[in-house]
$ cat coords00.pdb   # PDB, C-alpha atoms, pLDDT in the B column
ATOM      1  CA  MET A   1     -23.472   5.413  -5.372  1.00 61.00           C
ATOM      2  CA  ARG A   2     -20.911   6.046  -2.670  1.00 69.00           C
ATOM      3  CA  ALA A   3     -18.345   8.883  -2.605  1.00 67.00           C
ATOM      4  CA  VAL A   4     -15.095   8.823  -0.695  1.00 67.00           C
ATOM      5  CA  VAL A   5     -13.567  12.149   0.332  1.00 64.00           C
ATOM      6  CA  VAL A   6      -9.974  12.407   1.517  1.00 56.00           C
ATOM      7  CA  SER A   7      -8.540  15.595   2.999  1.00 52.00           C
ATOM      8  CA  THR A   8      -5.198  14.487   4.410  1.00 45.00           C
ATOM      9  CA  ALA A   9      -1.887  15.903   3.161  1.00 47.00           C
ATOM     10  CA  CYS A  10       0.854  13.478   4.179  1.00 49.00           C
ATOM     11  CA  ASP A  11       3.817  15.679   3.275  1.00 55.00           C
ATOM     12  CA  GLY A  12       2.650  18.571   5.415  1.00 55.00           C
ATOM     13  CA  CYS A  13       0.789  16.438   7.945  1.00 57.00           C
ATOM     14  CA  SER A  14      -2.073  18.895   7.692  1.00 62.00           C
ATOM     15  CA  ASP A  15      -5.587  17.668   8.243  1.00 65.00           C
ATOM     16  CA  PRO A  16      -8.144  20.281   9.295  1.00 74.00           C
ATOM     17  CA  ASP A  17     -10.627  17.541  10.192  1.00 77.00           C
ATOM     18  CA  HIS A  18      -8.552  16.779  13.306  1.00 77.00           C
ATOM     19  CA  LEU A  19      -7.928  20.269  14.691  1.00 81.00           C
ATOM     20  CA  GLY A  20     -10.042  19.419  17.730  1.00 86.00           C
ATOM     21  CA  SER A  21      -7.536  16.776  18.834  1.00 88.00           C
ATOM     22  CA  HIS A  22      -4.574  19.186  18.682  1.00 86.00           C
ATOM     23  CA  PRO A  23      -4.307  19.607  22.503  1.00 91.00           C
ATOM     24  CA  GLU A  24      -4.162  15.841  22.987  1.00 93.00           C
ATOM     25  CA  PHE A  25      -1.573  15.554  20.230  1.00 88.00           C
ATOM     26  CA  LEU A  26       0.649  18.172  21.878  1.00 91.00           C
ATOM     27  CA  ALA A  27       0.291  16.488  25.271  1.00 95.00           C
ATOM     28  CA  GLU A  28       1.441  13.171  23.818  1.00 94.00           C
ATOM     29  CA  VAL A  29       4.064  14.271  21.284  1.00 91.00           C
ATOM     30  CA  GLY A  30       5.520  17.305  23.093  1.00 93.00           C
ATOM     31  CA  PRO A  31       7.315  15.249  25.762  1.00 96.00           C
ATOM     32  CA  LEU A  32       8.678  12.868  23.108  1.00 94.00           C
ATOM     33  CA  VAL A  33      10.220  15.811  21.251  1.00 92.00           C
ATOM     34  CA  SER A  34      11.662  17.177  24.511  1.00 95.00           C
ATOM     35  CA  GLN A  35      13.182  13.773  25.296  1.00 96.00           C
ATOM     36  CA  GLY A  36      14.733  13.552  21.831  1.00 93.00           C
ATOM     37  CA  LYS A  37      12.663  10.503  20.870  1.00 93.00           C
ATOM     38  CA  ILE A  38      11.118  12.455  17.986  1.00 88.00           C
ATOM     39  CA  LYS A  39      13.435  14.682  15.975  1.00 88.00           C
ATOM     40  CA  TYR A  40      12.582  17.297  13.392  1.00 85.00           C
ATOM     41  CA  SER A  41      14.446  19.622  11.098  1.00 87.00           C
ATOM     42  CA  GLU A  42      13.742  23.252  10.254  1.00 90.00           C
ATOM     43  CA  GLU A  43      15.492  25.333   7.622  1.00 90.00           C
ATOM     44  CA  PHE A  44      15.068  29.115   7.504  1.00 92.00           C
ATOM     45  CA  VAL A  45      15.416  31.279   4.416  1.00 93.00           C
ATOM     46  CA  ASP A  46      15.690  34.997   5.143  1.00 95.00           C
ATOM     47  CA  GLY A  47      14.258  37.714   2.929  1.00 95.00           C
ATOM     48  CA  PHE A  48      11.297  38.098   0.619  1.00 94.00           C
ATOM     49  CA  GLU A  49      13.639  38.088  -2.374  1.00 95.00           C
ATOM     50  CA  ASN A  50      14.724  34.522  -1.534  1.00 94.00           C
ATOM     51  CA  ILE A  51      11.222  33.023  -1.520  1.00 93.00           C
ATOM     52  CA  PRO A  52      11.366  31.853  -5.174  1.00 93.00           C
ATOM     53  CA  ASP A  53      14.545  29.858  -4.492  1.00 92.00           C
ATOM     54  CA  ALA A  54      13.059  28.503  -1.259  1.00 91.00           C
ATOM     55  CA  PHE A  55      10.006  27.339  -3.181  1.00 91.00           C
ATOM     56  CA  LEU A  56      12.168  25.530  -5.723  1.00 91.00           C
ATOM     57  CA  ARG A  57      14.015  23.751  -2.897  1.00 89.00           C
ATOM     58  CA  LEU A  58      10.781  21.941  -2.123  1.00 87.00           C
ATOM     59  CA  PHE A  59      11.022  20.098  -5.439  1.00 88.00           C
ATOM     60  CA  ASP A  60      14.713  19.605  -6.217  1.00 87.00           C
ATOM     61  CA  GLY A  61      15.918  17.777  -3.119  1.00 81.00           C
ATOM     62  CA  ARG A  62      17.751  20.657  -1.412  1.00 82.00           C
ATOM     63  CA  ASN A  63      15.145  20.885   1.335  1.00 80.00           C
ATOM     64  CA  ARG A  64      15.158  18.663   4.412  1.00 79.00           C
ATOM     65  CA  GLY A  65      12.429  19.071   7.004  1.00 83.00           C
ATOM     66  CA  LYS A  66      10.284  22.165   7.336  1.00 87.00           C
ATOM     67  CA  LEU A  67      11.272  25.110   5.147  1.00 89.00           C
ATOM     68  CA  ILE A  68      10.351  28.494   6.621  1.00 90.00           C
ATOM     69  CA  ALA A  69      10.705  31.839   4.860  1.00 91.00           C
ATOM     70  CA  ARG A  70      11.298  34.765   7.223  1.00 92.00           C
ATOM     71  CA  VAL A  71      10.330  38.171   5.888  1.00 91.00           C
ATOM     72  CA  GLY A  72      10.084  41.602   7.432  1.00 82.00           C
TER      73      GLY A  72
END
$ encode --input "coords00.pdb" --output "structure tokens"
Amino acid sequence: MRAVVVSTACDGCSDPDHLGSHPEFLAEVGPLVSQGKIKYSEEFVDGFENIPDAFLRLFDGRNRGKLIARVG
């Protein structure tokens, strides 16, 4: 019997199995971001009280790019 284990999350691009290659990734991708060849979007939601709405944005189409809640 053979088991296949997958630990990649495509939406968040998070894969702890590849943390060791993070410096190489930054060396390759960092300049492309600086040159505008790779673009990204961040949206900030301020305040702990707004976290529930921010969470719902992840599922109803109001979120584009990375959604970051700032608290404190």
$ closest_residue --input "coords00.pdb" --among "A:Gly30, A:Arg70, A:His18, A:Pro23" --to "Asn50 of chain A" --atoms "only C-alpha atoms"
A:Arg70
$ residues_near_point --input "coords00.pdb" --point "(13.7, 21.4, 10.4)" --cutoff "7 Å" --atoms "only C-alpha atoms" --output "JSON, numbers by chain"
{"A": [40, 41, 42, 43, 64, 65, 66, 67]}
$ atom_distance --input "coords00.pdb" --atom1 "atom CA of Phe44 of chain A" --atom2 "atom CA of Gly72 of chain A"
13.4 Å
$ atom_distance --input "coords00.pdb" --atom1 "atom CA of Phe55 of chain A" --atom2 "atom CA of Ile68 of chain A"
9.9 Å
$ atom_distance --input "coords00.pdb" --atom1 "atom CA of Leu58 of chain A" --atom2 "atom CA of Val33 of chain A"
24.2 Å
$ axis_aligned_box --input "coords00.pdb" --around "segment 25-43 of chain A" --padding-each-side "6 Å" --output "lines of an AutoDock Vina configuration file"
center_x = 7.0
center_y = 17.9
center_z = 16.7
size_x = 29.1
size_y = 26.8
size_z = 30.1
$ closest_residue --input "coords00.pdb" --among "A:Leu32, A:Ile38, A:Leu19, A:Ala69" --to "Ile51 of chain A" --atoms "all atoms listed in the file"
A:Ala69
